[in-house]
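Note sheet for the following structure.
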Amino acid sequence: MVYTFSNKKFQLFRNMFFIMLFSSVLFVGCRPPVTDSDEEADQENISSEKDCDDWLDSAFDMLGPDRLIITASPDMPVSLLNQWSESCIDLDVIQMTLKKEELKGMLDGEILDRTLDQRFDIIDAMHIRDNLLYKEIAENVAGYKSTELEQVVELFDFVVRNIGLREVGEPTIPLTAFRVMMFGRGAVEDRVWLFSNLVRQLKIDSVLISLSTDVSNGNKKTYLVGVLLNSGIHLFDPLVGIPIPGKEDNPEKDVLVTKPATLTEVISNPELLSALDINKEEPYPFTADILKKPDVYVIGDSSFYSDRMKALQFSLGGSHSVIMADSLINNDAGDGLLTRVGEAGHDFWKKEDLKVWDYYEKQNLAAYKLDENQIKYLEAMRAPFKSPVKFEEPFERSRATFNDKDKESRDKKKLKGRIVYTKDLLKCRIIQMTGKLPVAIKMYQNIQLVAKKENQKPEINANSSMVQMNVIAIQDGIFWRGICSYELEDYETALARFLQYMQLTKVRGKWSTQCRILISQSIAQLGKPEETGKLLANPSPNSIYYPSATFWYKRWNKKTIEAAAVKEKEASKEKKESKPVEDKPKEKTAEKDGKSEVKKETKPKGKSADKPVEKAKDNKEKTVKTDEKPSGKSEENSKEKSVDKPEKTDSENKTKDSGKSDEGKEKSEVEEKKSEDKTSDKKE
């Protein structure tokens, strides 16, 4: 677009230009000639202490977590760091003498080459950015705790809440630690790496304890993190998401585990580990015998181990007092990581037994070498962080700045709005991770309002991908608001946010399984742990959260579990007692030859009980004899007897069924039957 000025303005501009040009020539002409001594002085000024500090300040400012990922490029801070390294490192003070032979057997390949390199690269820039973030998290999240152990436990819980575990079979690509933190989702190893680096900023060492190679645990990767503090090795399980409960742990008092067990403690008390069994068929993978001689790894990477980071660490101070270097071997800065960890192992391991954990190093290097498909997947993961996506309406510019020709062309051109990616979700997530929770909550609320409003606009609604980005921003924002409220100990609000997320995603969101755990923890924190049973009972064995859900269910529902055990025991006892027992012959009613014989349940007193039976038999025999007579009278008599016969049998059966043992009654019944027999005989 061509802009025109009035003649008066143009003349004024031209006059000012010539005045400035004349002044610059005048000053240059008056400058004394440059000598060799002046050039040497300038060279010394370049390497002055002030310049060195300025280079570091500028580089660190560009590498701030809230700047590098959003606005700055890593190329400029890397250039400043190398300029500082070449001009400002005093080799008389800082020994850059790390040799390949010293690291033989511990590092190899690209990891070894990076450790020995003296120049900074992009991975170093990310390393500085990450540790600046770790320092801020450690101070804001755990700084208020009174003891170091309490700070360590607080940081572990923070990692477990903010880094959800990917489910088995979920697609994944190599990710840097920073991306894992931003996405809030990773592997068990990512939890280990983040937790270890957070406690490092507290100047506390930690190790990875793994199952020995000869111990089979299926396809599950099982680790413990040992924090070396107060002459003890405190144990944390990153998969279950708990400090291993120690002898002082009190579930009745503490909702979460606040008293971690030490390695010495669990070996002396094996029941502390067996209490973590899922069931009899699925025992806890670590036992006291395994932990007596564990596989132990030191945690770090080539940036931590290098001389260039050691030199940078030596020069830092004030606002930049952050741990950037942690050498493997002893040097002029002090004992190396291997020596410190070896001495802290006591009788469990020696320095010679230690290995170097290279998971994160390989993961980090692979994250910068993604193939085309992996890059597409990464972009899809990053897309929601550009939200909320906004549509800006076209606006009218002042016509006074355009000439007539431009006015005509502009009037003919149709004005269009534009799509704006605010990246507010990314900014808010970084603020949350640094521990500035109240600010993050307000930003998440605003993101939700803006995203809903923008999705109602036809320009946005016409693009389904942009609508989906805003929808994900709303869902993630609600979930992360719940985590912020939980960490602020506002458990009622946290519970409301988690339930809102589950309702919004119809229990199918990517955070749904983790959300169940957080809902249960919120309910337990509100003093109602017994109400968590329905949420945690019967978790899917295929879920990565299966061990975690089982642990919390057992911890908060002991009364329910005990009652169920008692009920099951009673049912088993009743089942055994209800086995069929053979009855005595006298207690049965048997059918023989078409005639029913009723056995008495109780034996009556005296022998008179047998008399009615014998008399009945005599009467039957008599009845059969009378039926044999051919005379007509006998037929009539037989008819009368056939009528009388049932009455006699009924009285007999009644006598037998009643089972009465009273002899007086039996005698009267016998006499009546005798009189009836006499009457029948007379008739015959």
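Ligands are numbered from 1 in the order shown, chains are lettered A, B, ... in the order of the structure tokens, and residues start at 1 in each chain.
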Worksheet item: What lies within 12 Å of segment 65-67 of chain A using only C-alpha atoms, ignoring chain neighbours under 3 positions off, as a ChimeraX atom specification?
Response: /A:59-62,70-74,77,125-137,178-179,181-182,423-424,426-434
Fill in: Backbone DSSP call of alpha helix (DSSP H) for segment 57-191 of chain A, listed as a PyMOL selection string
chain A and resi 57-62+65-68+75-88+109-116+122-142+148-162+177-183+188-191
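Between Trp552 of chain A and the residues A:Gly241, A:Thr262, A:Asp301, A:Leu526, the shortest atom-to-atom distance, using only C-alpha atoms, involves A:Gly241.
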Worksheet item: Which parts of segment 303-380 of chain A does DSSP call strand (DSSP E or B) when run on the backbone here, written out as a ChimeraX atom specification?
Response: /A:331,334,355-357
Worksheet entry | Among the residues A:Phe183, A:Ser464, A:Glu489, A:Pro270, the one that comes closest to Leu425 of chain A [using only C-alpha atoms] |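 Looking at the shortest contact to Leu425 of chain A, the residue is A:Phe183.
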Worksheet item: What gap, in Å, lies between atom CA of Glu352 of chain A and atom CA of Arg200 of chain A?
Response: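 One can read the atom CA of Glu352 of chain A to atom CA of Arg200 of chain A distance as 22.3 Å.
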Item to complete: Do a neighbour search on Tyr377 of chain A at 12 Å with only C-alpha atoms, toss out local chain neighbours closer than 5 positions, and write the hits as a PyMOL selection string.
Response: chain A and resi 171-175+370-372+382-383
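Interatomic distance, atom CA of Ser387 of chain A against atom CA of Leu194 of chain A: 26.3 Å.
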Worksheet item: Using only C-alpha atoms, which residues sit within 12 Å of Glu86 of chain A once same-chain residues fewer than 6 positions away are excluded, as a list in words?
Response: Ile46, Ser47, Cys52, Trp55, Ser79, Leu80, Gln118, Arg119, Phe120, Arg308, Ala311 and Leu312 of chain A
